>>> print(open('input29.txt').read())   # compact mmCIF, C-alpha atoms
# COMPACT_ATOMS: atom_id res chain seq x y z
CA MET A 1 -32.93 -10.69 -144.43
CA THR A 2 -30.23 -8.62 -142.70
CA SER A 3 -28.20 -10.20 -139.93
CA SER A 4 -27.93 -8.65 -136.48
CA PRO A 5 -24.78 -6.60 -135.84
CA ALA A 6 -22.07 -8.41 -133.92
CA LEU A 7 -22.02 -8.22 -130.15
CA ALA A 8 -18.40 -7.14 -130.41
CA SER A 9 -16.10 -6.45 -133.32
CA VAL A 10 -12.45 -5.89 -132.42
CA ARG A 11 -10.04 -4.93 -135.19
CA ASP A 12 -6.27 -4.59 -134.84
CA VAL A 13 -6.44 -3.48 -131.20
CA SER A 14 -3.34 -2.93 -129.08
CA LYS A 15 -2.89 -1.69 -125.52
CA THR A 16 0.44 -0.82 -123.95
CA PHE A 17 1.21 -0.43 -120.26
CA GLY A 18 4.72 1.00 -119.93
CA PRO A 19 7.08 -1.44 -121.68
CA ARG A 20 4.50 -4.25 -121.81
CA LYS A 21 1.96 -4.86 -124.57
CA ALA A 22 -1.14 -6.22 -122.89
CA LEU A 23 -2.85 -6.49 -126.29
CA ASP A 24 -0.88 -6.82 -129.51
CA GLY A 25 -2.89 -6.39 -132.71
CA VAL A 26 -5.92 -8.35 -131.51
CA SER A 27 -8.81 -8.91 -133.92
CA LEU A 28 -11.95 -10.75 -132.88
CA GLU A 29 -15.65 -10.88 -133.73
CA VAL A 30 -18.35 -12.25 -131.45
CA ALA A 31 -21.80 -12.67 -132.98
CA ALA A 32 -24.95 -11.53 -131.24
CA GLY A 33 -26.28 -14.44 -129.19
CA GLU A 34 -22.95 -16.27 -129.08
CA MET A 35 -21.34 -17.55 -125.86
CA VAL A 36 -17.56 -17.29 -125.91
CA ALA A 37 -14.92 -18.07 -123.29
CA LEU A 38 -11.68 -16.09 -123.15
CA ILE A 39 -8.86 -18.13 -121.61
CA GLY A 40 -5.13 -17.78 -121.17
CA PRO A 41 -2.49 -17.51 -118.43
CA SER A 42 -2.38 -14.57 -116.05
CA GLY A 43 -1.21 -11.46 -117.87
CA SER A 44 -2.28 -12.77 -121.28
CA GLY A 45 -4.62 -9.80 -121.91
CA LYS A 46 -8.03 -11.37 -121.22
CA SER A 47 -9.29 -8.75 -118.78
CA THR A 48 -7.74 -5.90 -120.75
CA LEU A 49 -9.59 -7.05 -123.87
CA LEU A 50 -12.87 -7.33 -121.98
CA ARG A 51 -12.48 -3.90 -120.39
CA SER A 52 -11.59 -2.43 -123.78
CA ILE A 53 -14.75 -3.86 -125.36
CA THR A 54 -16.89 -2.18 -122.68
CA GLY A 55 -14.97 1.09 -122.87
CA LEU A 56 -13.62 0.82 -119.32
CA GLN A 57 -10.08 0.77 -120.75
CA THR A 58 -8.93 2.93 -123.64
CA ILE A 59 -6.83 1.31 -126.36
CA ASP A 60 -3.65 2.60 -128.00
CA ALA A 61 -3.96 5.24 -130.69
CA GLY A 62 -3.72 3.92 -134.24
CA SER A 63 -5.81 1.76 -136.51
CA GLY A 64 -7.57 -0.12 -133.71
CA LEU A 65 -11.38 -0.09 -133.69
CA ILE A 66 -13.94 -1.62 -131.32
CA GLU A 67 -17.64 -1.79 -132.14
CA VAL A 68 -20.46 -3.08 -129.94
CA PHE A 69 -23.72 -3.97 -131.68
CA GLY A 70 -22.59 -1.97 -134.70
CA GLU A 71 -21.73 1.20 -132.76
CA ALA A 72 -18.12 2.35 -132.52
CA VAL A 73 -17.03 2.38 -128.86
CA GLN A 74 -13.34 3.15 -129.41
CA LYS A 75 -11.42 4.52 -132.36
CA ASN A 76 -7.87 5.85 -132.61
CA GLY A 77 -7.33 5.40 -128.88
CA ARG A 78 -10.38 7.37 -127.79
CA LEU A 79 -13.90 6.62 -126.65
CA THR A 80 -16.53 7.75 -129.13
CA GLY A 81 -19.78 9.61 -128.55
CA GLN A 82 -21.62 6.29 -128.95
CA ALA A 83 -19.70 4.57 -126.14
CA ARG A 84 -22.23 5.25 -123.40
CA ALA A 85 -25.20 4.06 -125.46
CA ALA A 86 -23.32 0.93 -126.51
CA ARG A 87 -22.30 0.23 -122.92
CA GLN A 88 -25.95 0.42 -121.83
CA ARG A 89 -26.64 -2.64 -123.98
CA VAL A 90 -23.97 -4.68 -122.22
CA GLY A 91 -24.17 -5.87 -118.61
CA MET A 92 -20.73 -6.05 -117.00
CA ILE A 93 -20.15 -8.72 -114.34
CA PHE A 94 -16.99 -8.47 -112.23
CA GLN A 95 -15.04 -10.97 -110.14
CA GLN A 96 -15.77 -9.03 -106.93
CA PHE A 97 -19.48 -8.54 -107.69
CA ASN A 98 -19.39 -4.69 -107.47
CA LEU A 99 -22.45 -4.50 -105.24
CA VAL A 100 -22.88 -1.75 -102.65
CA GLY A 101 -22.52 -3.70 -99.42
CA ARG A 102 -24.68 -1.46 -97.21
CA LEU A 103 -27.61 -1.50 -99.63
CA SER A 104 -30.15 -4.29 -99.88
CA LEU A 105 -29.87 -6.76 -102.71
CA PHE A 106 -33.07 -5.28 -104.17
CA SER A 107 -31.61 -1.75 -104.14
CA ASN A 108 -28.45 -2.99 -105.84
CA VAL A 109 -30.48 -4.65 -108.58
CA MET A 110 -32.53 -1.49 -109.04
CA LEU A 111 -29.33 0.37 -109.89
CA GLY A 112 -29.50 -1.35 -113.25
CA ALA A 113 -32.39 0.99 -114.13
CA LEU A 114 -30.36 4.19 -113.63
CA GLY A 115 -29.52 4.48 -117.32
CA ARG A 116 -33.21 4.99 -118.11
CA LEU A 117 -34.07 7.38 -115.29
CA PRO A 118 -33.13 10.86 -114.07
CA ALA A 119 -30.32 10.56 -111.52
CA TRP A 120 -32.36 12.27 -108.78
CA ARG A 121 -34.97 9.53 -108.83
CA GLY A 122 -32.32 6.93 -108.17
CA LEU A 123 -30.76 8.98 -105.37
CA LEU A 124 -34.15 9.30 -103.67
CA GLY A 125 -35.14 5.70 -104.32
CA MET A 126 -38.16 6.82 -106.35
CA TRP A 127 -38.26 3.82 -108.66
CA PRO A 128 -41.18 3.41 -111.10
CA ALA A 129 -43.48 0.51 -110.28
CA GLU A 130 -42.61 -1.25 -113.53
CA ASP A 131 -38.91 -1.20 -112.70
CA ARG A 132 -39.64 -2.55 -109.21
CA ARG A 133 -41.57 -5.42 -110.75
CA ARG A 134 -38.75 -6.00 -113.20
CA ALA A 135 -36.21 -6.13 -110.36
CA MET A 136 -38.18 -8.71 -108.39
CA ALA A 137 -38.72 -10.78 -111.53
CA ALA A 138 -34.97 -10.69 -112.22
CA LEU A 139 -34.15 -11.72 -108.64
CA HIS A 140 -36.60 -14.59 -108.94
CA ARG A 141 -35.11 -15.57 -112.28
CA VAL A 142 -31.63 -15.94 -110.83
CA GLY A 143 -32.89 -17.68 -107.70
CA VAL A 144 -32.23 -15.11 -104.95
CA SER A 145 -35.58 -13.31 -104.55
CA ASP A 146 -35.83 -14.58 -100.94
CA TYR A 147 -32.82 -12.39 -100.10
CA ALA A 148 -34.09 -9.18 -101.70
CA ALA A 149 -34.27 -7.27 -98.40
CA GLN A 150 -30.88 -8.39 -97.07
CA ARG A 151 -27.83 -6.17 -97.16
CA ALA A 152 -25.57 -7.27 -99.97
CA ASN A 153 -22.56 -7.71 -97.70
CA THR A 154 -24.39 -10.35 -95.64
CA LEU A 155 -24.85 -12.64 -98.64
CA SER A 156 -22.59 -15.39 -99.92
CA GLY A 157 -20.39 -14.78 -102.94
CA GLY A 158 -22.61 -16.90 -105.15
CA GLN A 159 -25.73 -15.01 -104.06
CA GLN A 160 -24.04 -11.66 -104.69
CA GLN A 161 -22.87 -12.74 -108.14
CA ARG A 162 -26.39 -13.84 -109.09
CA GLY A 163 -27.59 -10.47 -107.83
CA ALA A 164 -25.10 -8.79 -110.16
CA ILE A 165 -26.55 -10.80 -113.06
CA ALA A 166 -30.07 -9.74 -112.02
CA ARG A 167 -28.89 -6.11 -112.13
CA ALA A 168 -27.78 -6.64 -115.75
CA LEU A 169 -31.25 -8.00 -116.57
CA VAL A 170 -32.92 -4.93 -115.06
CA GLN A 171 -30.53 -2.81 -117.13
CA GLY A 172 -32.09 -4.40 -120.20
CA ALA A 173 -28.73 -5.62 -121.44
CA ARG A 174 -28.60 -7.51 -124.74
CA ALA A 175 -25.35 -9.16 -123.73
CA ILE A 176 -23.34 -10.00 -120.63
CA VAL A 177 -19.59 -9.50 -120.45
CA ALA A 178 -18.18 -11.26 -117.40
CA ASP A 179 -14.63 -10.90 -116.11
CA GLU A 180 -13.65 -13.95 -114.03
CA PRO A 181 -17.19 -14.19 -112.57
CA VAL A 182 -16.51 -17.47 -110.73
CA ALA A 183 -12.91 -16.92 -109.57
CA SER A 184 -14.01 -15.92 -106.05
CA LEU A 185 -16.62 -18.67 -105.68
CA ASP A 186 -16.55 -22.23 -104.43
CA PRO A 187 -17.05 -24.89 -107.15
CA VAL A 188 -20.75 -25.45 -106.39
CA SER A 189 -21.60 -21.74 -106.56
CA ALA A 190 -19.38 -21.37 -109.63
CA ARG A 191 -21.30 -24.07 -111.48
CA ARG A 192 -24.61 -22.41 -110.62
CA VAL A 193 -23.41 -19.07 -111.98
CA MET A 194 -22.09 -20.65 -115.17
CA GLU A 195 -25.32 -22.61 -115.65
CA LEU A 196 -27.27 -19.38 -115.25
CA LEU A 197 -25.16 -17.67 -117.93
CA VAL A 198 -25.76 -20.61 -120.26
CA GLU A 199 -29.52 -20.43 -119.62
CA LEU A 200 -29.62 -16.71 -120.35
CA ASN A 201 -27.67 -17.34 -123.53
CA GLN A 202 -29.73 -20.26 -124.79
CA ARG A 203 -33.21 -19.31 -123.57
CA ASP A 204 -33.07 -15.52 -123.78
CA GLY A 205 -30.58 -15.15 -126.62
CA LEU A 206 -28.20 -12.94 -124.62
CA GLY A 207 -24.68 -12.90 -125.97
CA VAL A 208 -22.05 -13.80 -123.37
CA ILE A 209 -18.30 -13.19 -123.31
CA VAL A 210 -16.69 -14.62 -120.19
CA THR A 211 -13.06 -14.72 -119.11
CA LEU A 212 -12.13 -17.87 -117.21
CA HIS A 213 -9.04 -19.23 -115.50
CA GLN A 214 -10.74 -22.62 -115.31
CA VAL A 215 -10.24 -24.36 -118.65
CA ASP A 216 -12.62 -27.16 -117.70
CA TYR A 217 -15.41 -24.60 -117.29
CA ALA A 218 -14.66 -23.11 -120.69
CA LEU A 219 -14.84 -26.57 -122.27
CA ARG A 220 -18.03 -27.51 -120.43
CA TYR A 221 -20.09 -24.36 -120.84
CA CYS A 222 -18.91 -22.59 -124.00
CA ASP A 223 -19.03 -23.80 -127.60
CA ARG A 224 -16.31 -21.38 -128.69
CA VAL A 225 -13.05 -20.61 -126.96
CA VAL A 226 -10.62 -17.77 -127.68
CA ALA A 227 -7.19 -18.12 -126.06
CA LEU A 228 -4.73 -15.28 -125.56
CA LYS A 229 -1.05 -15.49 -124.78
CA ALA A 230 1.23 -12.47 -124.37
CA GLY A 231 -1.47 -10.20 -125.80
CA LYS A 232 -2.08 -12.21 -128.97
CA VAL A 233 -4.87 -14.55 -130.02
CA VAL A 234 -3.31 -18.01 -130.26
CA TYR A 235 -6.50 -20.07 -130.59
CA ASP A 236 -10.02 -19.25 -131.76
CA GLY A 237 -12.32 -22.15 -132.42
CA PRO A 238 -14.62 -24.83 -131.07
CA SER A 239 -14.05 -25.92 -127.49
CA THR A 240 -14.20 -29.54 -128.70
CA GLN A 241 -10.96 -29.05 -130.65
CA LEU A 242 -8.98 -27.59 -127.75
CA ASP A 243 -6.67 -30.56 -127.28
CA THR A 244 -3.66 -31.20 -125.05
CA ARG A 245 -1.14 -30.00 -127.64
CA ILE A 246 -2.87 -26.62 -127.93
CA LEU A 247 -3.25 -26.30 -124.16
CA ILE A 248 0.46 -26.95 -123.65
CA ASP A 249 1.22 -24.24 -126.21
CA ILE A 250 -1.02 -21.81 -124.29
CA TYR A 251 -0.14 -22.66 -120.69
CA GLY A 252 3.09 -24.66 -120.88
CA PRO A 253 3.76 -28.13 -119.44
CA GLU A 254 1.80 -27.30 -116.25
CA TYR A 255 -1.40 -26.80 -118.24
CA GLU A 256 -3.34 -29.10 -115.88
CA ASP A 257 -3.08 -26.36 -113.22
CA ALA A 258 -5.66 -24.46 -115.29
CA PHE A 259 -8.23 -27.18 -114.63
CA TRP A 260 -10.17 -26.40 -111.46
CA GLU A 261 -12.06 -29.58 -110.72
CA THR A 262 -9.14 -31.94 -111.27
CA LYS A 263 -7.52 -30.15 -108.33
CA SER A 264 -10.60 -29.86 -106.08
>>> encode(input="input29.txt", output="structure tokens")
Amino acid sequence: MTSSPALASVRDVSKTFGPRKALDGVSLEVAAGEMVALIGPSGSGKSTLLRSITGLQTIDAGSGLIEVFGEAVQKNGRLTGQARAARQRVGMIFQQFNLVGRLSLFSNVMLGALGRLPAWRGLLGMWPAEDRRRAMAALHRVGVSDYAAQRANTLSGGQQQRGAIARALVQGARAIVADEPVASLDPVSARRVMELLVELNQRDGLGVIVTLHQVDYALRYCDRVVALKAGKVVYDGPSTQLDTRILIDIYGPEYEDAFWETKS
């Protein structure tokens, strides 16, 4: 029996911005169906790594290689011809939701189907009936179907973020890559979004890679934690073994500032 290709395979990847190395020889493998938290102080390289995996950020030329579900996305500092197809399998969730404010929540979720349809159909709103049904089912799944007709910019942050997750479901994504998805939310909405990601991971088998500033959320919701510091991986292991000594090494003596709910 052959195993499924990894959600993401990152090998010896570096990324330089001017004099600063945002990523410095990073290697990492995330299995299909795994849920992994990326943590680390601001500027540690978390978002750069996530954007590199999805092909939104090119890496430095050299030996670095990034594969998504067995397809090379980046090699020698360039996107490959397989990058677009690989990206279609991954739903990207951003801190600021990336919804079109003037469009209804339903229309925003329907945008997830664009990769399967001619562009003109999307521009004219000529969505196939099956995709419409899929969109409403996704909105119901994430708990915001009652707001389908509302303009996105009239919704709360938590409602918009769940809409963004519904869009990834309509896309048919096999994995979700989320960059600080709860940073702009209040604690109650943040917990709902994290619980939804866990449900999609455990019930639907979607792989999830999520960057978090909140260490307590990483410990609570993710079995595996990868910590970056100054562009290097400094911890990769079970969340249960992420003790105070390791956290001080990652964040310094003020490591408790990285815990959200102890401050709320």
>>> closest_residue(input="input29.txt", among="A:Val198, A:Lys229, A:Leu185, A:Val109", to="Leu23 in chain A", atoms="only C-alpha atoms")
A:Lys229
>>> residues_around(input="input29.txt", residues="range 51-62 of chain A", least_positions_apart="6", cutoff="7 Å", atoms="only C-alpha atoms", output="list in words")
Val13, Ser14, Lys15, Thr16, Val73, Asn76, Gly77, Arg78, Leu79, Ala83 and Arg87 of chain A
>>> atom_distance(input="input29.txt", atom1="CA of Lys232 in chain A", atom2="CA of Leu28 in chain A")
10.7 Å
>>> closest_residue(input="input29.txt", among="A:Ser104, A:Gln88, A:Ser44, A:Gln159", to="Ala175 in chain A", atoms="all atoms listed in the file")
A:Gln88
>>> residues_around(input="input29.txt", residues="Phe259 in chain A", least_positions_apart="3", cutoff="6 Å", atoms="only C-alpha atoms", output="CSV table (one decimal) with C-alpha atoms, in the coordinates of the input")
chain,number,residue,atom,x,y,z
A,214,GLN,CA,-10.7,-22.6,-115.3
A,215,VAL,CA,-10.2,-24.4,-118.6
A,216,ASP,CA,-12.6,-27.2,-117.7
A,256,GLU,CA,-3.3,-29.1,-115.9
A,262,THR,CA,-9.1,-31.9,-111.3
>>> residues_around(input="input29.txt", residues="Lys75 in chain A", least_positions_apart="5", cutoff="7 Å", atoms="all atoms listed in the file", output="list in words")
Gly64, Leu65, Ile66 and Thr80 of chain A
>>> closest_residue(input="input29.txt", among="A:Ala148, A:Ile93, A:Leu219, A:Val210", to="Ser107 in chain A", atoms="only C-alpha atoms")
A:Ala148
>>> residues_around(input="input29.txt", residues="Leu197 in chain A", least_positions_apart="6", cutoff="9 Å", atoms="only C-alpha atoms", output="list in words")
Met35, Ile165, Ile176, Leu206, Val208 and Tyr221 of chain A
>>> closest_residue(input="input29.txt", among="A:Leu200, A:Leu155, A:Gln95, A:Leu7", to="Glu71 in chain A", atoms="all atoms listed in the file")
A:Leu7
>>> atom_distance(input="input29.txt", atom1="CA of Lys46 in chain A", atom2="CA of Thr211 in chain A")
6.4 Å
>>> atom_distance(input="input29.txt", atom1="CA of Tyr217 in chain A", atom2="CA of Ile248 in chain A")
17.3 Å
>>> closest_residue(input="input29.txt", among="A:Ser156, A:Gln150, A:Ser145, A:Ser47", to="Arg133 in chain A", atoms="only C-alpha atoms")
A:Ser145
>>> decode(input="input29.txt", residues="range 46-113 of chain A", atoms="C-alpha atoms", output="PDB file, in the first residue's frame")
ATOM      1  CA  LYS A  46       6.359  31.978   9.797  1.00  0.00           C
ATOM      2  CA  SER A  47       4.376  33.911   7.200  1.00  0.00           C
ATOM      3  CA  THR A  48       7.228  33.823   4.687  1.00  0.00           C
ATOM      4  CA  LEU A  49       7.360  30.034   4.973  1.00  0.00           C
ATOM      5  CA  LEU A  50       3.601  29.737   4.540  1.00  0.00           C
ATOM      6  CA  ARG A  51       3.563  32.057   1.523  1.00  0.00           C
ATOM      7  CA  SER A  52       6.480  30.136   0.012  1.00  0.00           C
ATOM      8  CA  ILE A  53       4.627  26.820   0.360  1.00  0.00           C
ATOM      9  CA  THR A  54       1.653  28.244  -1.555  1.00  0.00           C
ATOM     10  CA  GLY A  55       3.839  29.905  -4.180  1.00  0.00           C
ATOM     11  CA  LEU A  56       2.825  33.433  -3.198  1.00  0.00           C
ATOM     12  CA  GLN A  57       6.466  34.167  -2.329  1.00  0.00           C
ATOM     13  CA  THR A  58       9.416  32.957  -4.374  1.00  0.00           C
ATOM     14  CA  ILE A  59      12.398  31.495  -2.525  1.00  0.00           C
ATOM     15  CA  ASP A  60      16.092  32.177  -3.061  1.00  0.00           C
ATOM     16  CA  ALA A  61      17.839  30.463  -5.945  1.00  0.00           C
ATOM     17  CA  GLY A  62      19.868  27.410  -4.983  1.00  0.00           C
ATOM     18  CA  SER A  63      19.156  23.935  -3.717  1.00  0.00           C
ATOM     19  CA  GLY A  64      15.809  24.805  -2.107  1.00  0.00           C
ATOM     20  CA  LEU A  65      12.764  22.784  -3.177  1.00  0.00           C
ATOM     21  CA  ILE A  66       9.098  22.969  -2.165  1.00  0.00           C
ATOM     22  CA  GLU A  67       6.583  20.278  -3.095  1.00  0.00           C
ATOM     23  CA  VAL A  68       2.844  20.235  -2.406  1.00  0.00           C
ATOM     24  CA  PHE A  69       1.103  16.872  -2.623  1.00  0.00           C
ATOM     25  CA  GLY A  70       4.083  15.505  -4.529  1.00  0.00           C
ATOM     26  CA  GLU A  71       4.170  18.296  -7.136  1.00  0.00           C
ATOM     27  CA  ALA A  72       7.111  20.704  -7.222  1.00  0.00           C
ATOM     28  CA  VAL A  73       5.873  24.254  -6.583  1.00  0.00           C
ATOM     29  CA  GLN A  74       9.262  25.971  -6.376  1.00  0.00           C
ATOM     30  CA  LYS A  75      12.727  24.936  -7.461  1.00  0.00           C
ATOM     31  CA  ASN A  76      15.928  26.955  -7.793  1.00  0.00           C
ATOM     32  CA  GLY A  77      14.129  30.156  -6.835  1.00  0.00           C
ATOM     33  CA  ARG A  78      11.389  29.878  -9.446  1.00  0.00           C
ATOM     34  CA  LEU A  79       7.793  28.735  -9.568  1.00  0.00           C
ATOM     35  CA  THR A  80       7.315  25.592 -11.617  1.00  0.00           C
ATOM     36  CA  GLY A  81       4.691  24.756 -14.222  1.00  0.00           C
ATOM     37  CA  GLN A  82       2.900  22.652 -11.590  1.00  0.00           C
ATOM     38  CA  ALA A  83       2.530  25.548  -9.135  1.00  0.00           C
ATOM     39  CA  ARG A  84      -0.963  26.571 -10.192  1.00  0.00           C
ATOM     40  CA  ALA A  85      -2.342  23.030 -10.071  1.00  0.00           C
ATOM     41  CA  ALA A  86      -0.758  22.436  -6.673  1.00  0.00           C
ATOM     42  CA  ARG A  87      -2.136  25.725  -5.366  1.00  0.00           C
ATOM     43  CA  GLN A  88      -5.644  24.693  -6.427  1.00  0.00           C
ATOM     44  CA  ARG A  89      -5.459  21.855  -3.904  1.00  0.00           C
ATOM     45  CA  VAL A  90      -4.684  24.223  -1.043  1.00  0.00           C
ATOM     46  CA  GLY A  91      -7.131  26.751   0.401  1.00  0.00           C
ATOM     47  CA  MET A  92      -5.349  29.860   1.680  1.00  0.00           C
ATOM     48  CA  ILE A  93      -6.861  31.685   4.663  1.00  0.00           C
ATOM     49  CA  PHE A  94      -5.511  35.146   5.501  1.00  0.00           C
ATOM     50  CA  GLN A  95      -5.583  37.287   8.636  1.00  0.00           C
ATOM     51  CA  GLN A  96      -7.693  39.959   6.908  1.00  0.00           C
ATOM     52  CA  PHE A  97     -10.140  37.473   5.347  1.00  0.00           C
ATOM     53  CA  ASN A  98      -9.557  38.618   1.711  1.00  0.00           C
ATOM     54  CA  LEU A  99     -13.256  38.827   0.920  1.00  0.00           C
ATOM     55  CA  VAL A 100     -14.640  41.353  -1.561  1.00  0.00           C
ATOM     56  CA  GLY A 101     -16.546  43.689   0.726  1.00  0.00           C
ATOM     57  CA  ARG A 102     -19.171  44.859  -1.776  1.00  0.00           C
ATOM     58  CA  LEU A 103     -20.124  41.321  -2.779  1.00  0.00           C
ATOM     59  CA  SER A 104     -22.473  39.092  -0.831  1.00  0.00           C
ATOM     60  CA  LEU A 105     -21.025  36.356   1.316  1.00  0.00           C
ATOM     61  CA  PHE A 106     -22.492  33.818  -1.117  1.00  0.00           C
ATOM     62  CA  SER A 107     -20.752  35.465  -4.095  1.00  0.00           C
ATOM     63  CA  ASN A 108     -17.451  35.490  -2.220  1.00  0.00           C
ATOM     64  CA  VAL A 109     -17.765  31.790  -1.463  1.00  0.00           C
ATOM     65  CA  MET A 110     -18.613  31.066  -5.090  1.00  0.00           C
ATOM     66  CA  LEU A 111     -15.254  32.539  -6.088  1.00  0.00           C
ATOM     67  CA  GLY A 112     -13.737  29.314  -4.828  1.00  0.00           C
ATOM     68  CA  ALA A 113     -15.150  27.613  -7.940  1.00  0.00           C
TER      69      ALA A 113
END
